[in-house]
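Input: a single structure, listed below in structure tokens.
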Amino acid sequence: MIGKPGSGGRAGHRETGAGAAAAPAPAPGSAAPARVPRIPRTRVPVLLLLPSLVGLAFVVLPLVGLLVRAPWQSVPERLGDPAVRTALRLSIQCSFGALAISLVLGVPLAWLFARVDFPGKALLRALVLLPLVLPPVVGGVALLLAFGRRGVLGPWLESMGVRLTFSMTGAMLAGAFVALPFLVLSVEGAIAGLDRKYEETAATLGAGPLRVFCTVTLPLIAPGLAAGSALAWARALGEFGATITFAGNLPGETQTLPLAVYLMLQDDPDTAVAVSLMLLAVSVVVLVALRGRWLSPTRKQPYVPEPDEAGR
Amino acid sequence: MRSLRRAAAPIAAVSAALLLVAGCGDDDKDDKGKKDDKSTGQTPGGSGAPSAPADKPASTITVLAAASLTSAFEEAGKAYTKNHKDQNVKFSFAGSQELAAQVKQGAPADVIATADTKTMDGLAAQVNAPQVFAKNKLTILVAPGNPKKITSLADLSRGDLTVVLAGPTVPVGRYAREALGKAGVAVKPKSEEVDVKAVVTRVRMGEADAGIVYTTDAKSAGEAVASVEIPDQHNVVASYPVAVIKESKQQDPAAAFTQWLRTPEAQEILKKYGFAAP
């Protein structure tokens, strides 16, 4: 779903339609609403049903485990633990820092990918999206080799007195590295799905390209931008591998919540579970906030091919 | 949509195949359990390939071992299976405290060897009588040639140095703090690593100027690092206990391995990697 640029921008405008379509299916034979194509009722083969139920259980059971085994009575107290509060504060700083970096770098990048054709674009785009599939630890190693003390830019950074490893900035960079693709994908989709006539009109009225971008494009892609930001923020909040590899692990400096959970599991499992619950709640909130965009199956948002896309 | 439906068949096939594999895996495990006592004695232990049941040694024990034992145990494991052809030993290395957490959560392992007695004491309910089989000491790990001129624990409090230690829950991290305490030095580490190998990596990659690790780790890191000795009055001796996990279904082979660790043959290998006799 994420990999389909163009769907993000449109989806926002059809949210009402999507909500209506979620109503219970009409009895067979009755006419479905003309705008929403329905999947005809089919017999479900056991070969498909069985694995899908196992799949469902596979995803749901761990969450149930977390909920069942959670030390509910002491959760508030455990979340108030100074170590947890330190990690929480740091996580909030780092995740929003990572989001800020992603926005500053990602929005222009997304615009470039959506609007400008240049040689090697497909390759560059693939490179920017690479952290989506790259093991985060590898990302951390790569960051070390680029920005670490003996990294490619290390001596130059050091001469300017900048130290990224073992610093909060480093933790932010690690988060931004893994979060950036989520933002770029969402925003690129939103920009690509825009009707260009608004921007063209603004341009004919004498607005420069930058002004058009700031006053017309940005407001129009606001829903896509918000969705991308939420995803990127959540991804940065949960980052573990790149953070511990690149930024290290120090309470109050680089030990974010996921690192704290991992270490607490070794000597204070109940607090680890309490913090996990909190992170789970945050994830659920993010998903709910994005409901119309990522939660509803594609068929509820009918895909109308645009003339230039029909040939693909 | 069409492409989605087209994709459904292969996905279903793969899911079904995975189910089958999962099923087979269970059978395999059961087989292993039943065959524990029968030793075929036909397979050279070193092959280690998890192939058809007939090919594998009668028993494979899983040993959870402290990260600092990595190199020594890998060689010890080879020596053990060479002389005990019906035995195979599989290792899983991590920080002792992490291994302990795994045992508490019921990890399917047979033996655990930790880098301190305190972590092992915490497992009193899960393991049978632990025995110390090796000892280790601490050293200061620095870059090759010691460019920052570090000569003692006291130097580690210098403001121009980036020092990393293992976390306070990791045995080597606790020992390091103990040693620093004995020397009366206050060090603010830049990172608290999750195990001793991670400390070595930080120094080896040049991200840190110094770290406190076991002499054995300094030895196995070879030329990539140098070490500065910590005098005995400040040093801490780490005792390595090993024990059979109570839930293990292979008590006898597991106990045999823990006994073997105290034989001269095993001690010779441990010594080669810098460990001292218990």
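Quick note on naming: the chains in the structure tokens go A, B, ... in the order shown, residues restart at 1 in each chain, and ligands are numbered from 1 in order of appearance.
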
Compute the set of chain A residues within 12 Å of chain B, using only C-alpha atoms, and express it as JSON, numbers by chain.
{"A": [1, 37, 38, 39, 45, 46, 47, 48, 49, 50, 51, 52, 53, 54, 55, 141, 144, 145, 147, 148, 149, 150, 151, 154, 155, 158, 163, 164, 165, 166, 167, 168, 243, 244, 245, 246, 247, 248, 249, 250, 251, 252, 253, 254, 255, 259, 260, 262, 263, 264, 265, 266, 267, 268, 269, 297, 298, 299, 302, 303]}

Running DSSP on the backbone, which parts of segment 89-258 of chain B land in strand (DSSP E or B), as an MDAnalysis selection string?
chainID B and resid 89:94 111:113 127 131:136 138:142 163:166 191:193 210:214 226:229 238:245

Top pick for closest residue to Phe93 of chain B, considering B:Ser59, B:Ser239, B:Ser71, B:Thr117 and counting only C-alpha atoms:
B:Ser71

Pick out the residues sitting within 7 Å of segment 218-228 of chain A, and hand them over as a VMD selection string; count only C-alpha atoms, and ignore anything fewer than 2 positions along from it in its own chain.
chain A and resid 8 to 9 12 182 to 183 186 to 187 190 to 191 213 to 216 230 to 232 290

Fewer than 5 positions away in the same chain doesn't count, so skip those; otherwise give me all residues within 10 Å of Val200 of chain B, counting only C-alpha atoms, as a PyMOL selection string.
chain B and resi 141-142+164-166+193+195+205-206+208+210-214+217-218+221+224-225

As a PyMOL selection string, please: every residue in segment 32-209 of chain B that a backbone DSSP assignment puts in helix (DSSP H, G or I).
chain B and resi 32-37+45-47+53-55+67-83+96-104+117-121+153-157+171-183+196-204

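Within the 10 Å cut-off around Ile92 of chain A, using only C-alpha atoms and omitting residues fewer than 3 positions from it on the same chain, the listed residues are Ala87, Leu88, Arg89, Ser95, Phe96, Gly97, Ala98, Trp233, Ala236, Leu237, Thr256 and Leu257 of chain A.
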